[in-house]
Every structure is written in C-alpha cells, then in structure tokens.
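Shown next: coords13.txt, given as compact mmCIF, C-alpha atoms.
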```txt
# COMPACT_ATOMS: atom_id res chain seq x y z
CA MET A 1 -18.54 20.03 -32.36
CA ALA A 2 -14.96 20.94 -33.26
CA ASP A 3 -13.47 23.81 -35.25
CA PRO A 4 -15.96 26.65 -35.77
CA GLY A 5 -14.05 27.53 -38.96
CA MET A 6 -15.06 24.27 -40.63
CA SER A 7 -16.78 24.64 -44.00
CA VAL A 8 -19.70 22.40 -43.05
CA THR A 9 -21.93 21.77 -40.06
CA PRO A 10 -22.61 19.74 -38.02
CA TYR A 11 -19.00 18.56 -37.88
CA TRP A 12 -17.28 16.40 -35.28
CA GLU A 13 -13.76 15.07 -34.88
CA LEU A 14 -12.74 11.66 -33.57
CA THR A 15 -9.16 11.44 -32.34
CA PHE A 16 -7.42 8.07 -31.98
CA ASP A 17 -4.00 7.18 -30.59
CA ALA A 18 -1.63 4.69 -32.23
CA ASP A 19 -3.30 1.78 -30.41
CA GLY A 20 -6.77 2.74 -31.64
CA ASP A 21 -8.00 4.22 -28.37
CA VAL A 22 -10.47 7.03 -29.06
CA GLU A 23 -10.66 10.30 -27.16
CA GLY A 24 -13.70 9.60 -24.99
CA PRO A 25 -15.27 13.08 -24.78
CA GLU A 26 -15.18 13.46 -28.57
CA ARG A 27 -16.83 10.08 -29.09
CA ASP A 28 -19.46 10.78 -26.44
CA ARG A 29 -20.23 14.18 -28.00
CA LEU A 30 -20.79 12.57 -31.41
CA LEU A 31 -23.02 9.83 -30.00
CA ALA A 32 -25.09 12.34 -28.06
CA GLN A 33 -25.43 15.02 -30.72
CA VAL A 34 -25.81 13.22 -34.04
CA THR A 35 -29.50 12.48 -33.43
CA GLU A 36 -30.14 15.91 -31.92
CA HIS A 37 -29.00 17.49 -35.18
CA GLY A 38 -31.34 15.33 -37.22
CA VAL A 39 -28.50 13.72 -39.17
CA ARG A 40 -29.60 11.05 -41.60
CA ASP A 41 -26.33 10.52 -43.50
CA LEU A 42 -22.98 10.80 -41.72
CA ILE A 43 -19.79 11.04 -43.81
CA VAL A 44 -16.70 9.85 -41.92
CA PHE A 45 -13.38 10.81 -43.58
CA ALA A 46 -9.92 9.53 -42.56
CA HIS A 47 -6.80 11.35 -43.75
CA GLY A 48 -3.63 9.63 -44.96
CA TRP A 49 -0.09 10.69 -44.14
CA ASN A 50 -0.20 14.04 -42.45
CA ASN A 51 1.83 15.80 -39.79
CA ASP A 52 -0.68 17.43 -37.47
CA ARG A 53 -4.33 18.07 -36.64
CA SER A 54 -4.38 21.42 -38.44
CA GLY A 55 -3.28 19.79 -41.70
CA ALA A 56 -5.93 17.10 -41.39
CA THR A 57 -8.62 19.64 -40.57
CA ALA A 58 -7.58 21.77 -43.56
CA LEU A 59 -8.06 18.73 -45.81
CA TYR A 60 -11.52 18.08 -44.40
CA ARG A 61 -12.47 21.74 -44.73
CA ARG A 62 -11.51 21.77 -48.41
CA PHE A 63 -12.94 18.36 -49.32
CA TYR A 64 -16.26 18.84 -47.55
CA ALA A 65 -16.83 22.43 -48.78
CA PRO A 66 -18.81 21.62 -51.96
CA VAL A 67 -20.91 18.84 -50.41
CA PRO A 68 -23.89 20.84 -49.03
CA ALA A 69 -24.56 22.40 -52.43
CA LEU A 70 -24.25 19.02 -54.15
CA ALA A 71 -26.88 17.45 -51.87
CA PRO A 72 -29.07 20.37 -50.70
CA ARG A 73 -31.94 18.21 -49.45
CA ALA A 74 -29.84 15.72 -47.53
CA ARG A 75 -29.61 15.80 -43.74
CA LEU A 76 -25.85 15.47 -43.55
CA GLY A 77 -23.35 15.31 -40.75
CA TYR A 78 -19.57 15.16 -41.05
CA VAL A 79 -16.74 13.54 -39.11
CA GLY A 80 -13.00 14.07 -39.46
CA VAL A 81 -10.87 11.21 -38.14
CA ILE A 82 -7.59 12.32 -36.56
CA TRP A 83 -4.94 9.63 -36.10
CA PRO A 84 -1.16 9.76 -35.57
CA SER A 85 0.50 9.63 -38.98
CA MET A 86 3.22 11.65 -40.65
CA ARG A 87 4.56 12.78 -44.01
CA PHE A 88 7.86 14.28 -45.07
CA SER A 89 7.49 18.05 -45.33
CA ASP A 90 9.12 18.16 -48.78
CA GLU A 91 6.07 16.45 -50.32
CA PRO A 92 3.89 19.09 -52.01
CA ILE A 93 0.10 18.77 -51.85
CA PRO A 94 -1.78 20.21 -54.86
CA ASP A 95 -3.96 23.26 -54.06
CA PHE A 96 -2.40 23.66 -50.60
CA PRO A 97 0.34 26.20 -49.79
CA LYS A 98 3.75 24.71 -50.49
CA PRO A 99 5.87 24.18 -47.40
CA VAL A 100 9.29 25.81 -47.48
CA ALA A 101 10.84 22.33 -47.56
CA ALA A 102 8.87 21.41 -50.71
CA VAL A 103 10.04 24.55 -52.52
CA ALA A 104 13.63 23.83 -51.51
CA ALA A 105 13.35 20.22 -52.68
CA GLU A 106 12.20 21.36 -56.13
CA THR A 107 15.12 23.72 -56.61
CA ALA A 108 17.88 21.70 -54.95
CA PRO A 109 16.90 18.10 -54.21
CA GLY A 110 19.17 16.38 -51.75
CA PRO A 111 19.26 13.97 -48.85
CA ALA A 112 19.11 16.43 -45.92
CA LEU A 113 15.99 16.52 -43.71
CA ASP A 114 14.19 19.77 -42.89
CA LYS A 115 13.36 20.67 -39.30
CA ASP A 116 9.63 19.94 -39.64
CA THR A 117 10.30 16.41 -40.87
CA ARG A 118 12.79 15.88 -38.04
CA ARG A 119 10.18 16.96 -35.51
CA ALA A 120 7.55 14.71 -37.10
CA LEU A 121 9.91 11.73 -36.91
CA LEU A 122 10.47 12.32 -33.21
CA GLU A 123 6.71 12.43 -32.63
CA THR A 124 6.09 9.35 -34.76
CA PHE A 125 8.79 7.22 -33.13
CA PRO A 126 8.76 8.23 -29.44
CA GLY A 127 11.70 6.87 -27.50
CA ARG A 128 13.88 6.64 -30.60
CA ALA A 129 15.42 10.11 -30.47
CA PRO A 130 19.07 8.88 -30.47
CA VAL A 131 18.41 6.76 -33.56
CA ILE A 132 16.65 9.61 -35.36
CA ASP A 133 19.40 12.08 -34.45
CA GLN A 134 22.01 9.77 -35.95
CA LEU A 135 19.95 9.27 -39.13
CA VAL A 136 19.58 13.02 -39.48
CA ARG A 137 23.32 13.57 -39.07
CA MET A 138 24.10 10.94 -41.69
CA LEU A 139 21.74 12.57 -44.21
CA ASP A 140 23.08 16.04 -43.43
CA GLU A 141 26.66 14.89 -44.00
CA PRO A 142 26.66 11.85 -46.33
CA SER A 143 29.77 9.74 -45.93
CA GLY A 144 29.79 7.81 -49.19
CA GLY A 145 28.66 4.26 -49.79
CA ALA A 146 30.46 2.95 -46.73
CA GLY A 147 27.86 4.54 -44.44
CA LEU A 148 24.79 3.00 -46.10
CA PRO A 149 24.84 -0.33 -44.17
CA GLU A 150 24.79 1.54 -40.86
CA PHE A 151 22.02 3.81 -42.12
CA GLY A 152 19.98 0.75 -43.09
CA ARG A 153 20.54 -0.81 -39.66
CA LEU A 154 19.24 2.34 -37.95
CA VAL A 155 16.18 2.49 -40.20
CA ARG A 156 15.44 -1.12 -39.29
CA LEU A 157 15.43 -0.13 -35.60
CA LEU A 158 12.61 2.32 -36.32
CA VAL A 159 10.58 -0.31 -38.18
CA ASP A 160 11.03 -2.80 -35.34
CA ALA A 161 9.84 -0.21 -32.80
CA GLU A 162 6.24 -0.31 -34.02
CA PRO A 163 3.97 -3.13 -32.76
CA PRO A 164 3.14 -5.64 -35.51
CA GLY A 165 -0.10 -5.15 -37.38
CA VAL A 166 -2.32 -7.26 -39.64
CA ALA A 167 -0.94 -7.81 -43.14
CA ASP A 168 -3.18 -7.09 -46.13
CA THR A 169 -2.76 -10.60 -47.52
CA GLY A 170 -1.84 -13.99 -46.15
CA GLU A 171 1.50 -13.93 -47.92
CA GLU A 172 2.40 -10.34 -47.17
CA GLY A 173 4.97 -9.83 -44.47
CA GLU A 174 7.61 -7.22 -43.93
CA PRO A 175 8.80 -5.66 -47.19
CA ALA A 176 12.15 -7.05 -48.27
CA VAL A 177 13.42 -3.49 -48.61
CA PHE A 178 14.06 -3.43 -44.84
CA THR A 179 15.92 -6.73 -44.70
CA GLU A 180 18.11 -6.85 -47.78
CA ASP A 181 21.42 -5.11 -48.39
CA PRO A 182 20.85 -1.39 -47.61
CA ALA A 183 23.19 -0.20 -50.37
CA THR A 184 21.18 -2.16 -52.94
CA ALA A 185 17.90 -0.74 -51.66
CA CYS A 186 19.26 2.82 -51.60
CA ASP A 187 20.58 2.49 -55.16
CA ALA A 188 17.18 1.23 -56.35
CA PHE A 189 15.33 4.09 -54.70
CA ALA A 190 17.83 6.60 -56.10
CA ASP A 191 17.22 5.22 -59.60
CA ALA A 192 13.46 5.49 -59.10
CA LEU A 193 13.72 9.09 -57.86
CA THR A 194 15.79 10.02 -60.91
CA ALA A 195 13.18 8.44 -63.18
CA VAL A 196 10.16 10.20 -61.67
CA ARG A 197 11.96 13.57 -61.72
CA SER A 198 12.96 13.22 -65.37
CA PRO A 199 10.43 10.89 -67.03
CA GLY A 200 11.51 9.74 -70.45
CA ALA A 201 15.08 10.93 -70.02
CA PRO A 202 17.73 8.67 -71.58
CA ALA A 203 19.85 6.44 -69.35
CA GLY A 204 22.74 8.32 -67.85
CA PHE A 205 20.90 11.65 -68.12
CA SER A 206 21.73 12.23 -64.45
CA VAL A 207 23.69 10.24 -61.90
CA PRO A 208 21.50 8.94 -59.03
CA ASN A 209 22.65 9.88 -55.55
CA PRO A 210 22.52 6.82 -53.25
CA TRP A 211 22.01 9.09 -50.24
CA GLU A 212 18.83 10.44 -51.79
CA GLY A 213 17.88 6.78 -52.01
CA ALA A 214 18.74 6.50 -48.31
CA LYS A 215 16.35 9.33 -47.55
CA GLU A 216 13.68 7.49 -49.54
CA LEU A 217 14.41 4.34 -47.52
CA LEU A 218 13.66 6.32 -44.36
CA ARG A 219 10.51 7.73 -45.95
CA GLN A 220 9.35 4.22 -46.78
CA ALA A 221 10.00 3.14 -43.19
CA THR A 222 7.57 5.82 -42.00
CA TYR A 223 5.03 4.76 -44.62
CA TYR A 224 5.29 1.14 -43.56
CA THR A 225 4.78 2.17 -39.94
CA MET A 226 1.75 4.28 -40.87
CA LYS A 227 0.30 1.43 -42.91
CA ARG A 228 0.41 -0.93 -39.94
CA ARG A 229 -0.93 1.75 -37.62
CA ALA A 230 -3.84 2.60 -39.92
CA GLY A 231 -5.07 -1.00 -39.75
CA THR A 232 -4.86 -1.00 -35.96
CA VAL A 233 -6.75 2.29 -35.63
CA GLY A 234 -9.43 1.12 -38.05
CA GLU A 235 -10.04 -2.31 -36.56
CA HIS A 236 -9.62 -1.53 -32.87
CA GLY A 237 -10.70 2.10 -32.90
CA LEU A 238 -13.10 3.27 -35.59
CA GLY A 239 -14.89 -0.06 -36.06
CA PRO A 240 -16.04 -0.33 -32.43
CA VAL A 241 -17.05 3.37 -32.41
CA LEU A 242 -19.25 2.74 -35.44
CA GLY A 243 -20.86 -0.10 -33.52
CA GLN A 244 -21.58 2.27 -30.62
CA LEU A 245 -22.97 4.81 -33.06
CA ALA A 246 -25.30 2.22 -34.59
CA HIS A 247 -26.64 1.48 -31.10
CA ALA A 248 -26.98 5.15 -30.06
CA ALA A 249 -28.43 6.39 -33.38
CA PRO A 250 -29.86 3.39 -35.27
CA GLY A 251 -31.36 5.52 -38.03
CA VAL A 252 -28.07 7.12 -39.12
CA ARG A 253 -26.54 5.90 -42.38
CA VAL A 254 -22.70 5.95 -42.27
CA HIS A 255 -20.50 6.59 -45.30
CA LEU A 256 -16.77 5.95 -44.90
CA ALA A 257 -14.13 7.68 -46.99
CA GLY A 258 -10.37 7.51 -46.67
CA HIS A 259 -7.33 8.87 -48.46
CA SER A 260 -4.09 6.89 -48.76
CA PHE A 261 -3.53 5.02 -45.47
CA GLY A 262 -6.84 6.49 -44.35
CA GLY A 263 -8.36 4.18 -46.97
CA ARG A 264 -6.76 1.25 -45.16
CA LEU A 265 -8.06 2.63 -41.86
CA VAL A 266 -11.70 2.79 -42.94
CA SER A 267 -11.44 -0.59 -44.68
CA PHE A 268 -10.06 -2.27 -41.57
CA ALA A 269 -12.86 -0.63 -39.59
CA LEU A 270 -15.06 -3.23 -41.30
CA ARG A 271 -13.09 -5.91 -39.41
CA GLY A 272 -13.86 -4.12 -36.18
CA LEU A 273 -17.62 -3.80 -36.66
CA PRO A 274 -19.60 -5.66 -34.00
CA ASP A 275 -21.66 -8.57 -35.29
CA GLY A 276 -24.92 -7.56 -36.90
CA VAL A 277 -24.06 -3.89 -37.46
CA ARG A 278 -25.25 -2.76 -40.90
CA ALA A 279 -24.91 0.99 -40.50
CA VAL A 280 -22.16 1.39 -43.13
CA LYS A 281 -23.86 2.20 -46.42
CA SER A 282 -20.81 2.99 -48.57
CA VAL A 283 -17.01 3.06 -48.52
CA THR A 284 -14.98 5.27 -50.87
CA LEU A 285 -11.22 4.79 -51.12
CA LEU A 286 -9.23 7.71 -52.54
CA GLN A 287 -5.77 6.56 -53.66
CA GLY A 288 -5.77 3.75 -51.11
CA ALA A 289 -2.22 2.88 -49.98
CA PHE A 290 -2.63 -0.82 -49.26
CA SER A 291 -2.62 -4.06 -51.22
CA HIS A 292 -5.08 -4.35 -54.06
CA TYR A 293 -5.56 -7.97 -52.93
CA ALA A 294 -6.78 -7.01 -49.45
CA PHE A 295 -10.38 -8.04 -50.31
CA ALA A 296 -9.35 -10.98 -52.50
CA ASP A 297 -11.03 -14.36 -52.18
CA GLY A 298 -7.75 -15.97 -53.21
CA LEU A 299 -4.41 -14.67 -54.44
CA PRO A 300 -3.74 -15.39 -58.11
CA GLN A 301 -0.23 -16.55 -57.25
CA ASP A 302 -1.46 -18.62 -54.29
CA PRO A 303 -5.22 -19.39 -54.40
CA GLY A 304 -5.08 -20.98 -50.97
CA ARG A 305 -4.39 -17.61 -49.38
CA ALA A 306 -6.86 -14.75 -49.20
CA GLY A 307 -6.83 -11.06 -48.40
CA ALA A 308 -7.14 -9.96 -44.79
CA LEU A 309 -10.46 -8.31 -45.66
CA LYS A 310 -11.90 -11.19 -47.67
CA GLY A 311 -15.66 -10.82 -47.85
CA ARG A 312 -15.74 -7.72 -45.65
CA GLN A 313 -17.22 -5.68 -48.48
CA ARG A 314 -20.40 -7.66 -47.84
CA LEU A 315 -20.73 -5.87 -44.49
CA ILE A 316 -21.40 -2.68 -46.47
CA ASP A 317 -25.04 -2.07 -47.30
CA GLY A 318 -23.90 -0.49 -50.55
CA PRO A 319 -20.80 -0.33 -52.74
CA LEU A 320 -17.10 -0.23 -51.99
CA VAL A 321 -15.72 2.32 -54.47
CA CYS A 322 -11.98 2.34 -55.11
CA CYS A 323 -10.50 5.33 -56.96
CA TYR A 324 -7.15 4.92 -58.68
CA SER A 325 -4.88 6.96 -60.95
CA HIS A 326 -1.78 6.12 -62.96
CA PHE A 327 -0.45 9.59 -62.12
CA ASP A 328 0.12 8.46 -58.52
CA SER A 329 3.90 7.92 -58.33
CA ALA A 330 3.80 7.01 -54.64
CA LEU A 331 1.65 3.96 -55.40
CA GLY A 332 2.70 3.24 -58.98
CA THR A 333 6.45 3.37 -58.37
CA PHE A 334 7.50 3.41 -54.74
CA TYR A 335 4.81 1.21 -53.19
CA PRO A 336 5.58 -1.89 -55.28
CA LEU A 337 9.32 -1.24 -55.09
CA ALA A 338 9.24 -1.07 -51.31
CA SER A 339 6.88 -4.04 -51.10
CA ARG A 340 9.16 -6.32 -53.00
CA LEU A 341 12.64 -5.12 -53.90
CA ALA A 342 14.61 -8.08 -55.15
CA GLY A 343 16.37 -9.66 -58.14
CA ASP A 344 15.98 -7.98 -61.52
CA ASP A 345 13.45 -5.53 -60.06
CA ARG A 346 16.42 -3.43 -58.95
CA SER A 347 17.33 -2.59 -62.53
CA CYS A 348 14.05 -0.84 -63.28
CA ALA A 349 12.73 2.57 -62.40
CA GLY A 350 9.77 4.85 -62.82
CA SER A 351 6.77 3.46 -64.66
CA GLU A 352 8.74 0.31 -65.52
CA ILE A 353 8.73 -0.84 -61.90
CA ALA A 354 5.04 -1.71 -61.66
CA ALA A 355 5.21 -3.53 -65.01
CA VAL A 356 8.24 -5.60 -64.05
CA LEU A 357 7.09 -6.42 -60.53
CA GLY A 358 3.71 -7.35 -61.93
CA PRO A 359 0.41 -7.17 -60.08
CA ARG A 360 1.59 -9.11 -57.04
CA TRP A 361 2.70 -6.03 -55.09
CA GLY A 362 0.24 -3.43 -56.39
CA ALA A 363 -1.75 -0.89 -54.39
CA MET A 364 -5.46 -0.05 -54.44
CA GLY A 365 -4.80 3.49 -55.61
CA HIS A 366 -2.74 2.32 -58.58
CA ASP A 367 -5.11 -0.12 -60.26
CA GLY A 368 -8.07 -0.77 -57.95
CA VAL A 369 -9.46 -3.83 -56.17
CA GLN A 370 -8.15 -7.09 -57.63
CA ALA A 371 -9.16 -10.78 -57.49
CA VAL A 372 -12.71 -10.12 -56.25
CA PRO A 373 -15.20 -11.72 -58.66
CA GLY A 374 -17.82 -9.35 -60.02
CA THR A 375 -15.82 -6.16 -59.44
CA ALA A 376 -17.07 -3.44 -61.78
CA ARG A 377 -14.71 -1.03 -63.55
CA LEU A 378 -15.74 2.46 -64.62
CA ASP A 379 -14.18 5.78 -65.46
CA LEU A 380 -15.07 8.78 -63.33
CA ALA A 381 -17.50 10.27 -65.85
CA ALA A 382 -19.49 7.05 -66.08
CA ALA A 383 -19.55 6.65 -62.32
CA LEU A 384 -20.90 10.18 -61.86
CA ALA A 385 -23.45 9.70 -64.62
CA GLY A 386 -25.27 7.13 -62.53
CA GLY A 387 -23.27 4.06 -63.40
CA LEU A 388 -22.32 2.97 -59.88
CA PRO A 389 -23.64 -0.45 -58.88
CA ALA A 390 -25.72 -0.60 -55.71
CA SER A 391 -23.33 -3.05 -54.04
CA GLY A 392 -20.05 -4.89 -54.44
CA CYS A 393 -16.60 -3.60 -55.36
CA VAL A 394 -16.27 -0.88 -57.99
CA ASN A 395 -13.01 0.39 -59.45
CA VAL A 396 -13.15 3.98 -60.69
CA ASP A 397 -10.36 5.42 -62.84
CA ALA A 398 -10.04 8.93 -61.41
CA ALA A 399 -7.04 9.99 -63.51
CA ALA A 400 -9.17 12.67 -65.17
CA VAL A 401 -8.86 14.73 -61.98
CA VAL A 402 -6.19 12.97 -59.87
CA ARG A 403 -3.24 13.98 -62.04
CA ARG A 404 -1.21 16.80 -60.46
CA GLY A 405 1.76 16.70 -58.13
CA GLY A 406 5.54 16.68 -58.12
CA PRO A 407 8.05 14.00 -57.20
CA PRO A 408 8.37 11.80 -55.32
CA THR A 409 4.66 11.15 -54.74
CA GLY A 410 3.12 12.52 -57.94
CA ALA A 411 -0.66 12.93 -57.81
CA HIS A 412 -1.10 10.85 -54.67
CA SER A 413 -2.53 13.75 -52.66
CA ASP A 414 -4.45 15.41 -55.50
CA ILE A 415 -7.86 14.50 -54.11
CA VAL A 416 -9.57 17.82 -53.34
CA HIS A 417 -11.96 17.92 -56.28
CA PRO A 418 -15.74 18.41 -56.35
CA GLU A 419 -15.97 15.39 -58.65
CA LEU A 420 -14.60 13.16 -55.88
CA ALA A 421 -16.97 14.71 -53.35
CA ARG A 422 -19.78 13.90 -55.79
CA LEU A 423 -18.50 10.34 -55.99
CA VAL A 424 -18.74 9.92 -52.21
CA LEU A 425 -22.34 11.11 -52.39
CA ALA A 426 -23.10 8.86 -55.35
CA ALA A 427 -21.66 5.84 -53.55
CA GLY A 428 -23.93 6.56 -50.61
CA ARG A 429 -26.97 7.30 -52.79
CA ILE A 430 -27.18 10.72 -51.15
CA THR A 431 -29.08 13.39 -53.08
```
Would you mind writing the file out in structure tokens?
Amino acid sequence: MADPGMSVTPYWELTFDADGDVEGPERDRLLAQVTEHGVRDLIVFAHGWNNDRSGATALYRRFYAPVPALAPRARLGYVGVIWPSMRFSDEPIPDFPKPVAAVAAETAPGPALDKDTRRALLETFPGRAPVIDQLVRMLDEPSGGAGLPEFGRLVRLLVDAEPPGVADTGEEGEPAVFTEDPATACDAFADALTAVRSPGAPAGFSVPNPWEGAKELLRQATYYTMKRRAGTVGEHGLGPVLGQLAHAAPGVRVHLAGHSFGGRLVSFALRGLPDGVRAVKSVTLLQGAFSHYAFADGLPQDPGRAGALKGRQRLIDGPLVCCYSHFDSALGTFYPLASRLAGDDRSCAGSEIAAVLGPRWGAMGHDGVQAVPGTARLDLAAALAGGLPASGCVNVDAAAVVRRGGPPTGAHSDIVHPELARLVLAAGRIT
C-alpha cells in the first residue's frame, strides 16, 4: 500500500502512463491484497488536472478523510488513480494552500507563465521543448497583435503532438478554437477572462488584453490534450485493470469517482471493461469535464449520432451520478467557448457564453447528463436524504457546496466536502 500518511487504510495507488499502461507492481499489489484485507467495497478515485503525484495524493487524503466515520460498518478499501495530467499553477484550489503563482495572478494578472507551469508544460509535451520555450518567450514579452498568428501556430503544434483519442460524441472533433484565426480566438478568451473577473461590470469597464487571451488559448490546449488522454487511460488502462480485479476478487464491489477529466477517465473505463464484468456498482462524476452528450442515445441536433458512451451506464450495477454547479467557470464559460468558438459566439462573455452557444457544447459538470431518457434530476439535499435511484443516470445540483474559487476556473476544483463524500457512499449504497 502507498503513502503511510494517507488518511484512510487500506489504500493503494494505480499509476498509468499517457498510453494507459499501468505500473505492474502497483496493480499486482492491489490484486493480491484487496481480498487479504477483507475489502467489500472499493472506492476508486481519479483526479482531474493536476501537476504531480503529491498534489493528487493530497486531494485523495482530503476527500477520503471523512469516509470511515460516515460508513463505520463498511469494509472499505481505497484507490487513488495517478495519471499524467497538468494544470496551470495560477489556478487556486479551494481549501488547499495557494501557490505563489495563484497569489501573483490575483494581484497582477498578466500573460507571463510561472516557472512551475513552464516545467509542467515540458513534462506534458515531451519532445516539444523548443516550441514551449518560444511560447514562454512570447508571453513574457508580448509583441502586440502581430505576434498572435505565430503564437496560435505554435499552440497548434502542441495539440497535434498528442495521439488522437475518442471523441465524446459522433459529431465532436477538434475544437474550432485551434483552427480558426488565432487573433479572434485570443480576443474572445480575453473578453471571457474580463467577464469572469468582473461579473456584472458594464461594457468597457476594463480593456481586455489579447495576450491574456493567448495564455488562455495555451491553457485550453493543455485541457484538450488532457481530455483526450483521460479517455485513453480510462478505456485502455483502468477498464482492463477492473476486469482483472473482478477475476482476482469476485466479491469486491467497485465504486468509481472522478473529478474533472478524471470523470471522463472513469466513464471511459466502462468502455474498457471486459465482457460480462459487473463489478462496478456506482459511478460518481464530480464536475466532469467532458460532453454532457457522452451517454446520449442520440444528439438533439443530429439524432442519427450518439454519444461515445451510449448505453455504457447499463454496465453499472447501480447509478451513474453526475454532480454539476453553475459556479464552475471552467465548464460554464471556457469549456463551451473552446469547444465551439465561431460566428456571433465571439461577441459574448462570461455567463452569456453558455446561453448563446446553447446546449450543444455543454459539459457534464455544468448541467449534467443530457439526452438520456429517464435521467433523474435532484438537488444535493434530496440526493443525500435518500432520493437517489438505484440505477440509471442521475443529475445532482451540487451548487450548495461547489461554489468557491477564483478566476479563471471558478468553483471547478471546489470538491473537497463531506457532503460529496456522502454522495459517493449513497451512490454505492454503502452504509
């Protein structure tokens, strides 16, 4: 078992590379020990964007801490999934110490990149050091609008470096933000940043800086890369491991939970389950950063096309619970803007963006699972009061607790709450 400082026991970690290959000794240790420890219910949590193992482990330590007291009679085991993702270091996480870069961004926002983000970019895009160095120099010393086309070209090189992954829906391809005029995209992101920093401010209250928009374009390129990678790790990594676990410990009930792109990871693990495996008893998505049509039987705008995970919720011997919050700026503003930045959409910012773009480009963590017949919708209080259905998709409005966080991501990472830990247990019928 990993990390003796973990808040719960027994605890294991499963580490995957970008291709979904698992670290063999960790997997073998889990398969050998889970039965020895008498585990009946195993909670498997996958982090979202994150820069290193220590950050992921800190999240698991905090999230898991209240669970033993909430289910004192349960025979629980815990897994933390570690996969190669990244976040910009200027993004604050509620209830965690603020990085120096986040403090600096609050007092003097600007386009420059801090050293931790630069290092994370180099680790995320191996072999692209010259491109990253040039992007960093351009953000450190903005050259006016004339430099934006070259910046956009370099960002595109990073996007093209990642192997293609499975899209969430049959119509979803590469976001237009990476193919259209870079100056237009940077201006739109700059407008959105101004809006989320000063909500309700009158037009012209502050002049957007297109190079801050350029920094956001780079941020979105990393998010897009992480989104594709999360699907690969889930389908080709975690899914097969869960099949091996079902064979090695057939009595263990598995409960998947994922934050942000980790929600996409655990959802795509359902695609990777071997035939006949019914070990997954619940899935809980916390601010899932992928299309709300991923499980759709047919897209409202194109009924002949379905979500990449159509019907996969039926592989769960229990419910698929999707938490969402309108306080999540990352998913309510920047996700739809990056997914489809075109036409009149460019003239809108902040909370207007999701309304103008409409539901076509929405994310799970913004408004829940869409276009799946029979999906239930509850608020958090009702869900915790025993209102969760025993199966099918369930949307839970978690805005009562998922509500804190600064720009640009808002409350996207505000997930360390005992109420959400209780929800994971309720989804799994663990008492």
Near-Gln33 of chain A list (12 Å; all atoms listed in the file; drop same-chain fewer than 3 positions) as a PyMOL selection string: chain A and resi 1+10-12+25-30+36-39+77-78+245+248-249+252
Got a sec: who's within 9 Å of Ser391 of chain A, counting all atoms listed in the file, leaving out chain neighbours fewer than 3 positions off, as an NGL selection string? :A and (282 or 313-314 or 316-320 or 388 or 394)
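The space separating atom CA of Phe290 of chain A from atom CA of Arg264 of chain A comes to 6.2 Å.
The closest residue to Leu218 of chain A, picked from A:Gly311, A:Gly262, A:Pro126, A:Gly152 and counting all atoms listed in the file, is A:Gly152.
Residues in contact range of Phe189 of chain A, defined as at most 8 Å between all atoms listed in the file, with sequence neighbours fewer than 6 positions away removed, read Pro210, Glu212, Gly213, Ala214, Glu216, Leu217 and Phe334 of chain A.
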Once you have the residues from the selection above, write them out as a PDB file, in the frame of the given file, restricted to C-alpha atoms.
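What landed in part32.pdb:
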```
ATOM      1  CA  PRO A 210      22.520   6.820 -53.250  1.00  0.00           C
ATOM      2  CA  GLU A 212      18.830  10.440 -51.790  1.00  0.00           C
ATOM      3  CA  GLY A 213      17.880   6.780 -52.010  1.00  0.00           C
ATOM      4  CA  ALA A 214      18.740   6.500 -48.310  1.00  0.00           C
ATOM      5  CA  GLU A 216      13.680   7.490 -49.540  1.00  0.00           C
ATOM      6  CA  LEU A 217      14.410   4.340 -47.520  1.00  0.00           C
ATOM      7  CA  PHE A 334       7.500   3.410 -54.740  1.00  0.00           C
TER       8      PHE A 334
END
```
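Distance annotation: of A:Lys115, A:His366, A:Arg253, A:Arg229, the residue with the minimal separation from Arg40 of chain A is A:Arg253; atom set is all atoms listed in the file.
The coordinates place atom CA of Ala427 of chain A at 7.0 Å from atom CA of Val321 of chain A.
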Leaving out Leu154 of chain A and any residue of its chain fewer than 5 positions from it, which residues lie within 9 Å of it when counting all atoms listed in the file, given as number ranges by chain? A: 131-132, 134-135, 149
Distance of atom CA of Val396 of chain A from atom CA of Arg377 of chain A, expressed in Å to one decimal place: 6.0 Å
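Counting all atoms listed in the file and comparing A:Val372, A:Cys323, A:Ala363, A:Ile43, the residue that lies closest to Ala398 of chain A is A:Cys323.
Counting only C-alpha atoms and comparing A:Asp52, A:Glu419, A:Asp414, A:Asp328, the residue that lies closest to Glu123 of chain A is A:Asp52.
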Rank A:Thr184, A:Thr57, A:Ser329, A:Thr222 by their smallest atom-to-atom distance to Thr124 of chain A, using all atoms listed in the file, and report the top residue only. A:Thr222
All residues 8 Å or closer to Phe261 of chain A, only C-alpha atoms, same chain fewer than 3 positions away omitted, as a list in words: His47, Gly48, Trp49, Met226, Lys227, Ala230, Gly258, Arg264, Leu265, Gly288, Ala289 and Phe290 of chain A
Centre, x/y/z edge lengths, axis-aligned box for segment 394-401 of chain A with 6 Å per side, as lines of an AutoDock Vina configuration file:
```
center_x = -11.7
center_y = 6.9
center_z = -61.6
size_x = 21.2
size_y = 27.6
size_z = 19.2
```
Radius query 10 Å about (-9.9, 9.2, -52.4), atoms used: all atoms listed in the file, as a PyMOL selection string: chain A and resi 45-48+257-260+262-263+284-288+321-324+365+398+402+412-417+420-421+423-424
Of A:Arg403, A:Arg312, A:His255, A:Arg61, the one sitting nearest Ser325 of chain A when using all atoms listed in the file is A:Arg403
